[in-house]
Amino acid sequence: MTITAGIDVGTGAIKAVLFNVEGDKANWLVRRTERVRQRDPFQLAEQIYDEILEEAGLKRADVAYVATTGEGEALDFHTGHFYSMTTHGRGALYLDPESRAALDVGALHGRAIRLDGRGKVLSYKMTSQCASGSGQFLENISRYLGIAHDEIGMLSKQADNPEKVSGICAVLAETDVINMVSRGISAPNILKGIHSSMADRLARLLKSIGTVDGVVLMTGGLALDEGLVAAMQEAMVKEKVSYPVRCHPDSIYAGAIGAALWGAYRHDKLERLGGTLAAA
Amino acid sequence: MSTTAEIISRCQTLFEDLTFSYAREWKAAMPGRSVVGYMPFYVPRELIHAAGGLPLGILGGGDQLEVIHGDAYYQSYICRIPRSTIELGVMGRLDFVDAMLFPSICDVIRNLSGMWKIMFPKVKSRYFDVPQNYQDNVGGEFYINELKELRDMLAEIRGTDVTDEEIRGSIKLFNENRRLVREVYAARMKQPWQVPSSEIYLLMRAGMILAVEEHNRLLGDYLAAVAAEDRPRRDNARVLVTGAFCEQPPLNLIKSIELAGCYIVDDDFMLVNRWERSDVAIDGDPLQNLASAYLHNSGNTSAKYEPDQAKKGLYLVDAVKRSAAEGVIFAAPSFCDPALLERPMLQSVLAAHGIPYIGFKYAENSGQMQPIREQAGTFADSIKLWSDQ
């Protein structure tokens, strides 16, 4: 029995999970998501880690490997760090074994990751540094519109005549939105326009990583946004991409899951090589 | 006893001081002292020391120096170190330096030696040529003459001859320095979590500035301080960094590689500190001993000619094995001819030996580290997860 932790320090939220891994079986013990909300993300990550340990009735010493991902390499108690493409790919495979690609849409970036059946990354592309098409951008717009974060998806699906925004530049997109508000465009149509613009960009990103021989699983915080998921389905049809895009209720944890599972793999491998790394 | 943090803090201060106040104060402390600047990758510092001089490594301006004048002297496709070195000179930051040595590393640095003579006529400037032939009766003879000319130039600065006994004394001190440097590198190779490369880097940079006697004390103190501290061990990939032997990477680049999940277990930053791989002989003709060490017992780099094509790049394979590295990161300055022209040949040798590698370029003032972190981090992931499959 190997207890491993996966901590995904994202720009918008911290996701932490605990797994009990025995051979090929990985049992999920605890999970927790907490939005950063202008707090120190590293202090928050440590606090969440201690809280999930307490919830599972465990101590730090019980954990064989603390794996971080996202921006978590700066956490001083981690055993090892894995990069987002590596962890989201593995997490997608855990959540949906038919996954052969992960589309990670987080607060800051969009990433398309093509995998094989073992979770090995075969190719990878991410959006450029502009915030347009990111979760943070969507959140900013919803704040301007006075809409709660949880309402975005539902409102977007009510759109009857969506207006597209710039998919390249967040500044231009914000200007587009301001113009739409002054022209009396409804919030659902604005939100759907943003979702469509994001989805078009993500679909092109997916096409750029090569043919996916299976399912594309959406991961990251925006995988829970039903409006974006719906827009993504439409964009795939428009881009003539035939492979299915799915999401999972636990998609937001994909990075943390992947980190924990790779951590277990590394712990096992190091043990076979004759040594382990004590968790901090 | 000093802690590692205290020692590294002092090294950081020396590293950041682009007015070279330590060297200025060292020179002012005693009449007749001289400071001799030198550029990478190698000069026989023993001769400078024997002549009562302070060898001062000039490794460009780093990421804190704004280059304004220096850009006017070079085309856009030339690396940054000659520009920032000119900037240091033109701005008077090197106005206390009595002589400058420009080793034969590339055409740009060779041309800089001529430019320096024109720009700073009161400074003794010398293009320091090292042999490309490793036979004692050819390259050895040539190199001994080169060393004699350098010794005579240094004697002229001091006003008295540099004796063999003085050179032997200096060789002894630098042997001690190299022994300590080797010990630091060996400690990192064994326990890289205890001896971070960002610290080693600053410690070695201090050796570019400090008098050798003081650097020896500092190295000894650091080794004692490291042994007294316990640092957490991470599940990182062991990598060797190569190609950074001239223009130096920003310190943040080294930190980024480490932060991305890599332990740097060998590198070629500041090769001058460990160019001779073991002690230089003390007895006998000291110039002959220095030449012999260069020909038969020195390190390897792309800037050093390899006459036997069959041996090309094998030094890197040996270094990987010796340091138990799991992969190689080729990190070279943009437009660095010696490093970048050699890179494909070295990579093909590594590929033939099944050693994974990645490569990127930098400038001494590179500021955006996210792509480096992504590359180094995913490289570490691939080593940790897929190296045996």
# chains A, B, ... in the order shown; residues from 1 in each chain; ligands from 1

$ interface_residues --of "chain B" --to "chain A" --cutoff "10 Å" --atoms "only C-alpha atoms" --output "PDB file with C-alpha atoms, in the first residue's frame"
ATOM      1  CA  PRO B 232      15.683  17.818   1.663  1.00  0.00           C
ATOM      2  CA  ARG B 233      16.241  15.405  -1.186  1.00  0.00           C
ATOM      3  CA  ARG B 234      13.856  15.622  -4.124  1.00  0.00           C
ATOM      4  CA  ASP B 235      12.977  13.159  -6.830  1.00  0.00           C
ATOM      5  CA  ASN B 236      14.802  15.098  -9.535  1.00  0.00           C
ATOM      6  CA  ALA B 237      16.497  13.993 -12.736  1.00  0.00           C
ATOM      7  CA  GLU B 258      16.904  23.226 -10.698  1.00  0.00           C
ATOM      8  CA  LEU B 259      13.401  24.398  -9.868  1.00  0.00           C
ATOM      9  CA  ALA B 260      12.084  22.496 -12.877  1.00  0.00           C
ATOM     10  CA  GLY B 261      13.104  19.201 -11.293  1.00  0.00           C
ATOM     11  CA  CYS B 262      16.709  18.743 -12.407  1.00  0.00           C
ATOM     12  CA  ARG B 373      11.399  25.792 -17.076  1.00  0.00           C
ATOM     13  CA  GLU B 374       8.923  24.071 -19.366  1.00  0.00           C
ATOM     14  CA  GLN B 375      11.676  22.488 -21.449  1.00  0.00           C
ATOM     15  CA  ALA B 376      13.830  21.420 -18.525  1.00  0.00           C
ATOM     16  CA  GLY B 377      10.791  20.244 -16.556  1.00  0.00           C
ATOM     17  CA  THR B 378       9.334  18.108 -19.302  1.00  0.00           C
ATOM     18  CA  PHE B 379      12.801  16.721 -19.988  1.00  0.00           C
ATOM     19  CA  ALA B 380      13.025  15.732 -16.319  1.00  0.00           C
ATOM     20  CA  ASP B 381       9.556  14.137 -16.538  1.00  0.00           C
ATOM     21  CA  SER B 382      10.545  12.122 -19.598  1.00  0.00           C
ATOM     22  CA  LYS B 384      11.882   9.976 -14.661  1.00  0.00           C
ATOM     23  CA  LEU B 385       8.945   8.242 -16.326  1.00  0.00           C
ATOM     24  CA  TRP B 386      10.133   6.831 -19.618  1.00  0.00           C
TER      25      TRP B 386
END

$ select_by_dssp --residues "region 345-380 of chain B" --states "helix (DSSP H, G or I)" --output "PyMOL selection string"
chain B and resi 345-352+370-380

$ residues_around --residues "Val177 (chain A)" --least-positions-apart "2" --cutoff "9 Å" --atoms "only C-alpha atoms" --output "NGL selection string"
:A and (141 or 165 or 172-175 or 179-182 or 190 or 194)

$ write_last_selection --atoms "N, CA and C atoms" --output "PDB file, in the first residue's frame"
ATOM      1  N   ILE A 141     -14.662  38.916 -17.214  1.00  0.00           N
ATOM      2  CA  ILE A 141     -15.828  39.400 -17.963  1.00  0.00           C
ATOM      3  C   ILE A 141     -17.105  39.179 -17.154  1.00  0.00           C
ATOM      4  N   VAL A 165     -16.321  37.389 -29.951  1.00  0.00           N
ATOM      5  CA  VAL A 165     -15.322  38.371 -29.492  1.00  0.00           C
ATOM      6  C   VAL A 165     -13.956  37.959 -30.049  1.00  0.00           C
ATOM      7  N   LEU A 172      -8.517  43.444 -26.697  1.00  0.00           N
ATOM      8  CA  LEU A 172      -9.514  43.664 -27.747  1.00  0.00           C
ATOM      9  C   LEU A 172     -10.840  43.004 -27.369  1.00  0.00           C
ATOM     10  N   ALA A 173     -10.745  41.812 -26.777  1.00  0.00           N
ATOM     11  CA  ALA A 173     -11.955  41.092 -26.403  1.00  0.00           C
ATOM     12  C   ALA A 173     -12.739  41.870 -25.346  1.00  0.00           C
ATOM     13  N   GLU A 174     -12.013  42.458 -24.409  1.00  0.00           N
ATOM     14  CA  GLU A 174     -12.698  43.248 -23.382  1.00  0.00           C
ATOM     15  C   GLU A 174     -13.376  44.464 -24.006  1.00  0.00           C
ATOM     16  N   THR A 175     -12.694  45.063 -24.974  1.00  0.00           N
ATOM     17  CA  THR A 175     -13.289  46.207 -25.679  1.00  0.00           C
ATOM     18  C   THR A 175     -14.549  45.759 -26.415  1.00  0.00           C
ATOM     19  N   ASN A 179     -18.377  47.191 -25.825  1.00  0.00           N
ATOM     20  CA  ASN A 179     -19.229  47.652 -26.932  1.00  0.00           C
ATOM     21  C   ASN A 179     -20.558  46.894 -26.959  1.00  0.00           C
ATOM     22  N   MET A 180     -20.484  45.593 -26.709  1.00  0.00           N
ATOM     23  CA  MET A 180     -21.714  44.781 -26.722  1.00  0.00           C
ATOM     24  C   MET A 180     -22.667  45.228 -25.627  1.00  0.00           C
ATOM     25  N   VAL A 181     -22.102  45.498 -24.442  1.00  0.00           N
ATOM     26  CA  VAL A 181     -22.957  45.943 -23.321  1.00  0.00           C
ATOM     27  C   VAL A 181     -23.638  47.251 -23.696  1.00  0.00           C
ATOM     28  N   SER A 182     -22.863  48.182 -24.283  1.00  0.00           N
ATOM     29  CA  SER A 182     -23.450  49.480 -24.637  1.00  0.00           C
ATOM     30  C   SER A 182     -24.476  49.343 -25.765  1.00  0.00           C
ATOM     31  N   ILE A 190     -23.509  37.419 -24.932  1.00  0.00           N
ATOM     32  CA  ILE A 190     -22.093  37.805 -24.765  1.00  0.00           C
ATOM     33  C   ILE A 190     -21.289  36.595 -24.306  1.00  0.00           C
ATOM     34  N   ILE A 194     -18.207  34.536 -26.143  1.00  0.00           N
ATOM     35  CA  ILE A 194     -16.865  34.297 -25.574  1.00  0.00           C
ATOM     36  C   ILE A 194     -16.555  32.798 -25.608  1.00  0.00           C
TER      37      ILE A 194
END

$ atom_distance --atom1 "CA of Leu122 (chain A)" --atom2 "CA of Thr2 (chain A)"
28.1 Å

$ residues_around --residues "Lys207 (chain A)" --least-positions-apart "6" --cutoff "9 Å" --atoms "only C-alpha atoms" --output "ChimeraX atom specification"
/A:112,239,241

$ write_last_selection --atoms "C-alpha atoms" --output "short mmCIF file (atom, residue, chain, number, x, y, z; two decimals), in the first residue's frame"
data_model
loop_
_atom_site.label_atom_id
_atom_site.label_comp_id
_atom_site.auth_asym_id
_atom_site.auth_seq_id
_atom_site.Cartn_x
_atom_site.Cartn_y
_atom_site.Cartn_z
CA ALA A 112 -3.82 20.14 -25.90
CA GLU A 239 -13.48 22.25 -37.56
CA VAL A 241 -12.85 16.95 -36.11
#

$ select_by_dssp --residues "region 118-175 of chain A" --states "strand (DSSP E)" --output "list of chain:residue names"
A:Val121, A:Leu122, A:Ser123, A:Tyr124, A:Lys125, A:Met126

$ write_last_selection --atoms "C-alpha atoms" --output "PDB file, in the first residue's frame"
ATOM      1  CA  VAL A 121       2.719  12.412 -23.889  1.00  0.00           C
ATOM      2  CA  LEU A 122       3.103  12.068 -27.664  1.00  0.00           C
ATOM      3  CA  SER A 123       2.614  15.686 -28.640  1.00  0.00           C
ATOM      4  CA  TYR A 124       1.623  18.902 -26.992  1.00  0.00           C
ATOM      5  CA  LYS A 125       0.635  22.464 -27.796  1.00  0.00           C
ATOM      6  CA  MET A 126      -0.458  25.335 -25.618  1.00  0.00           C
TER       7      MET A 126
END

$ residues_around --residues "Leu173 (chain B)" --least-positions-apart "6" --cutoff "10 Å" --atoms "only C-alpha atoms" --output "PDB file with C-alpha atoms, in the first residue's frame"
ATOM      1  CA  GLU B  46      49.490  31.039 -11.926  1.00  0.00           C
ATOM      2  CA  HIS B  49      49.684  35.487  -9.396  1.00  0.00           C
ATOM      3  CA  ILE B 167      55.688  30.469 -10.357  1.00  0.00           C
ATOM      4  CA  ARG B 179      41.693  20.327  -5.338  1.00  0.00           C
ATOM      5  CA  VAL B 212      43.291  32.605  -4.728  1.00  0.00           C
ATOM      6  CA  GLU B 213      44.297  32.439  -1.052  1.00  0.00           C
ATOM      7  CA  ASN B 216      40.672  28.643  -1.053  1.00  0.00           C
TER       8      ASN B 216
END

$ closest_residue --among "B:Arg178, B:Lys304, B:Arg274, B:Arg231" --to "Val195 (chain B)" --atoms "only C-alpha atoms"
B:Arg231

$ closest_residue --among "B:Ala186, B:Glu6, B:Asn273, B:Pro338" --to "Ala206 (chain B)" --atoms "only C-alpha atoms"
B:Asn273

$ residues_around --residues "Val17 (chain A)" --least-positions-apart "3" --cutoff "12 Å" --atoms "only C-alpha atoms" --output "PyMOL selection string"
chain A and resi 3-9+14+20+26-34+45+48-53+55-56+63+66-69+91+250+252-261+263

$ residues_around --residues "region 319-328 of chain B" --least-positions-apart "5" --cutoff "12 Å" --atoms "only C-alpha atoms" --output "number ranges by chain"
B: 185-192, 236-243, 257, 262-268, 299-301, 313-314, 343, 346-347, 349-351, 353-360, 376, 379-388
